[in-house]
Every structure is written in structure tokens, then in C-alpha cells.
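Undergrad: Okay, handing you the structure first.
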Amino acid sequence: MSQTASVWLVVVLALLAANLPFISNRLLAVIRLAGPKLLAVRLAEMVFWYFVVGGLGLFLEQRAGQIAPQGWEFYAITGTLFITFAFPGFVYRYLFKHR
């Protein structure tokens with residue numbers, strides 16, 4: 001896989017994974033919950049998916065060559081990007097009126 005394709009794969013997966021907690025009422029999109037999923041559970045699930053997508057990105061970067069060192073700035077930027085990607089799912093879940 002080319003480096004450009006792996007970057008786009010990570011970006012698209014991050015977009016999907018950031019919205020998954022807000023679209024699905026199941027925990028990690030698999031486990032059915034007895035009651036409604038709380039916002040805190042959705043945010044914790046979003047953090048979990050952030051690390052899963054980040055691990056995939058790290059794996060793809062390792063396959064392409066040497067891993068570049070990342071400081072706190074990298075994690076701050078990717079974290080805010082992941083939160084920005086989650087905005088459509090948040091709007092769908094909490095701001096739209098469902099009938």
C-alpha cells in the first residue's frame with residue numbers, strides 16, 4: 001500500500017470511528033446495553049476509538065519505514081481533529097429532533 005493510500009485510510013477510518021459512538025446505541029458497536037448510552041460512555045468510547053485508529057496509523061507508519069518521533073503537540077492536534085470529526089455524529093444524536 002502506498003503512503004498516500006495509508007494516510008487516506010487512516011483519515012477515513014478516523015472519521016468513521018469518531019462518529020460511531022454517537023450513531024450506535026451499542027457499546028463499541030457490538031455489546032447491547034440494558035439502558036440508554038450516556039454521554040460519558042460515548043466520550044469514553046470515542047477515546048477508545050482514538051487509540052485504536054492511532055494504533056493502526058502507527059502500524060502503517062512502521063510498515064512504510066521509520067516511525068517519526070511525536071511530542072505532545074502531535075497528540076493535541078490529532079485529538080482535536082478526532083473531536084472535530086465527531087461533530088456530525090454529536091449533532092445527529094443531541095441536536096436533531098428525533099421523532
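Convention: chains lettered A, B, ... in C-alpha cells order; per-chain residue numbering from 1; ligands numbered from 1 as shown.
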Determine, counting only C-alpha atoms, which protein, DNA and RNA residues have an atom within 9 Å of an atom of stretch 49-61 of chain A; residues of the same chain fewer than 4 positions away are not included. Present the result as an mmCIF file with N, CA, C and O atoms, in the first residue's frame.
TA:
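Saved to result32.cif:
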data_model
loop_
_atom_site.group_PDB
_atom_site.id
_atom_site.type_symbol
_atom_site.label_atom_id
_atom_site.label_comp_id
_atom_site.auth_asym_id
_atom_site.auth_seq_id
_atom_site.Cartn_x
_atom_site.Cartn_y
_atom_site.Cartn_z
ATOM 1 N N GLN A 3 2.049 5.170 0.579
ATOM 2 C CA GLN A 3 1.966 6.012 1.765
ATOM 3 C C GLN A 3 0.753 6.940 1.696
ATOM 4 O O GLN A 3 0.099 7.172 2.703
ATOM 5 N N SER A 6 -2.341 4.905 2.584
ATOM 6 C CA SER A 6 -2.434 4.599 4.014
ATOM 7 C C SER A 6 -2.845 5.828 4.817
ATOM 8 O O SER A 6 -3.592 5.714 5.786
ATOM 9 N N VAL A 7 -2.401 7.009 4.412
ATOM 10 C CA VAL A 7 -2.816 8.237 5.100
ATOM 11 C C VAL A 7 -4.311 8.449 4.926
ATOM 12 O O VAL A 7 -5.038 8.749 5.885
ATOM 13 N N LEU A 9 -6.543 6.184 4.271
ATOM 14 C CA LEU A 9 -7.227 5.127 5.006
ATOM 15 C C LEU A 9 -7.378 5.498 6.476
ATOM 16 O O LEU A 9 -8.466 5.352 7.052
ATOM 17 N N VAL A 10 -6.336 6.027 7.081
ATOM 18 C CA VAL A 10 -6.402 6.430 8.489
ATOM 19 C C VAL A 10 -7.369 7.594 8.675
ATOM 20 O O VAL A 10 -8.137 7.622 9.638
ATOM 21 N N VAL A 11 -7.359 8.544 7.763
ATOM 22 C CA VAL A 11 -8.266 9.697 7.875
ATOM 23 C C VAL A 11 -9.728 9.249 7.768
ATOM 24 O O VAL A 11 -10.580 9.669 8.560
ATOM 25 N N LEU A 13 -10.964 6.205 8.313
ATOM 26 C CA LEU A 13 -11.290 5.402 9.494
ATOM 27 C C LEU A 13 -11.475 6.270 10.733
ATOM 28 O O LEU A 13 -12.328 5.980 11.574
ATOM 29 N N ALA A 14 -10.683 7.332 10.863
ATOM 30 C CA ALA A 14 -10.856 8.253 11.989
ATOM 31 C C ALA A 14 -12.207 8.955 11.906
ATOM 32 O O ALA A 14 -12.883 9.129 12.928
ATOM 33 N N ALA A 17 -14.771 6.245 12.886
ATOM 34 C CA ALA A 17 -14.655 5.849 14.291
ATOM 35 C C ALA A 17 -15.063 6.972 15.234
ATOM 36 O O ALA A 17 -15.610 6.711 16.312
ATOM 37 N N ALA A 18 -14.846 8.214 14.865
ATOM 38 C CA ALA A 18 -15.234 9.331 15.719
ATOM 39 C C ALA A 18 -16.756 9.468 15.805
ATOM 40 O O ALA A 18 -17.291 9.887 16.834
ATOM 41 N N LEU A 20 -18.922 6.843 15.298
ATOM 42 C CA LEU A 20 -19.528 5.577 15.698
ATOM 43 C C LEU A 20 -20.160 5.611 17.087
ATOM 44 O O LEU A 20 -21.272 5.095 17.257
ATOM 45 N N PRO A 21 -19.558 6.212 18.111
ATOM 46 C CA PRO A 21 -20.218 6.230 19.418
ATOM 47 C C PRO A 21 -21.543 6.980 19.424
ATOM 48 O O PRO A 21 -22.428 6.676 20.231
ATOM 49 N N LEU A 28 -19.247 -0.077 21.906
ATOM 50 C CA LEU A 28 -18.252 -0.452 20.893
ATOM 51 C C LEU A 28 -18.910 -1.050 19.654
ATOM 52 O O LEU A 28 -18.321 -1.863 18.947
ATOM 53 N N ALA A 44 -16.051 8.134 26.462
ATOM 54 C CA ALA A 44 -15.047 7.106 26.755
ATOM 55 C C ALA A 44 -14.837 6.188 25.555
ATOM 56 O O ALA A 44 -13.707 5.798 25.233
ATOM 57 N N GLU A 45 -15.930 5.870 24.885
ATOM 58 C CA GLU A 45 -15.835 5.043 23.675
ATOM 59 C C GLU A 45 -15.085 5.788 22.571
ATOM 60 O O GLU A 45 -14.307 5.191 21.825
ATOM 61 N N GLY A 65 8.200 2.588 6.947
ATOM 62 C CA GLY A 65 9.590 2.958 7.220
ATOM 63 C C GLY A 65 9.756 3.294 8.681
ATOM 64 O O GLY A 65 9.059 2.784 9.538
ATOM 65 N N GLN A 66 10.654 4.197 8.959
ATOM 66 C CA GLN A 66 10.952 4.567 10.333
ATOM 67 C C GLN A 66 9.835 5.436 10.907
ATOM 68 O O GLN A 66 9.312 6.321 10.238
ATOM 69 N N ILE A 67 9.498 5.199 12.163
ATOM 70 C CA ILE A 67 8.454 5.976 12.836
ATOM 71 C C ILE A 67 9.036 7.316 13.266
ATOM 72 O O ILE A 67 10.075 7.373 13.914
ATOM 73 N N ALA A 68 8.347 8.389 12.912
ATOM 74 C CA ALA A 68 8.786 9.726 13.295
ATOM 75 C C ALA A 68 8.459 9.957 14.770
ATOM 76 O O ALA A 68 7.396 9.550 15.247
ATOM 77 N N THR A 78 -3.989 15.744 16.895
ATOM 78 C CA THR A 78 -4.802 14.614 16.440
ATOM 79 C C THR A 78 -6.031 14.424 17.326
ATOM 80 O O THR A 78 -7.084 14.026 16.837
ATOM 81 N N GLY A 79 -5.918 14.728 18.615
ATOM 82 C CA GLY A 79 -7.080 14.637 19.498
ATOM 83 C C GLY A 79 -8.157 15.651 19.135
ATOM 84 O O GLY A 79 -9.343 15.323 19.065
ATOM 85 N N PHE A 82 -9.785 14.580 15.941
ATOM 86 C CA PHE A 82 -10.738 13.496 16.173
ATOM 87 C C PHE A 82 -12.043 14.037 16.752
ATOM 88 O O PHE A 82 -13.131 13.601 16.364
#
Undergrad: As a PyMOL selection string, please: every residue in stretch 7-90 of chain A that a backbone DSSP assignment puts in alpha helix (DSSP H).
TA: chain A and resi 7-23+39-64+72-85+87-90
Undergrad: Nearest to A:Ala29 among A:Arg42, A:Arg93, A:Arg63, A:His98, with distances taken over only C-alpha atoms: which residue is it?
TA: A:Arg42
Undergrad: Quick one: pull the distance between atom CA of A:Arg99 and atom CA of A:Ser24, Å, one decimal.
TA: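 According to the coordinates, atom CA of A:Arg99 and atom CA of A:Ser24 are separated by 16.9 Å.
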Undergrad: Find the spatial neighbours of A:Tyr94, counting only C-alpha atoms, within a cut-off of 12 Å - ignore same-chain residues fewer than 3 positions away - and output them as a PyMOL selection string.
TA: chain A and resi 22-23+38-39+42+87-91+97-98
Undergrad: Check the smallest atom-to-atom distance from each of A:Leu95, A:Pro69, A:Gln62, A:Met46 to A:Leu16 using only C-alpha atoms, then report the winner.
TA: A:Met46
Undergrad: For atom CA of A:Arg26 and atom CA of A:Leu81, determine how far apart the two atoms are, in Å to one decimal place.
TA: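 Those two atoms sit 23.9 Å apart.
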Undergrad: Could you work out how far atom CA of A:Phe48 lies from atom CA of A:Ala86, giving the answer in Å with one decimal?
TA: 13.3 Å
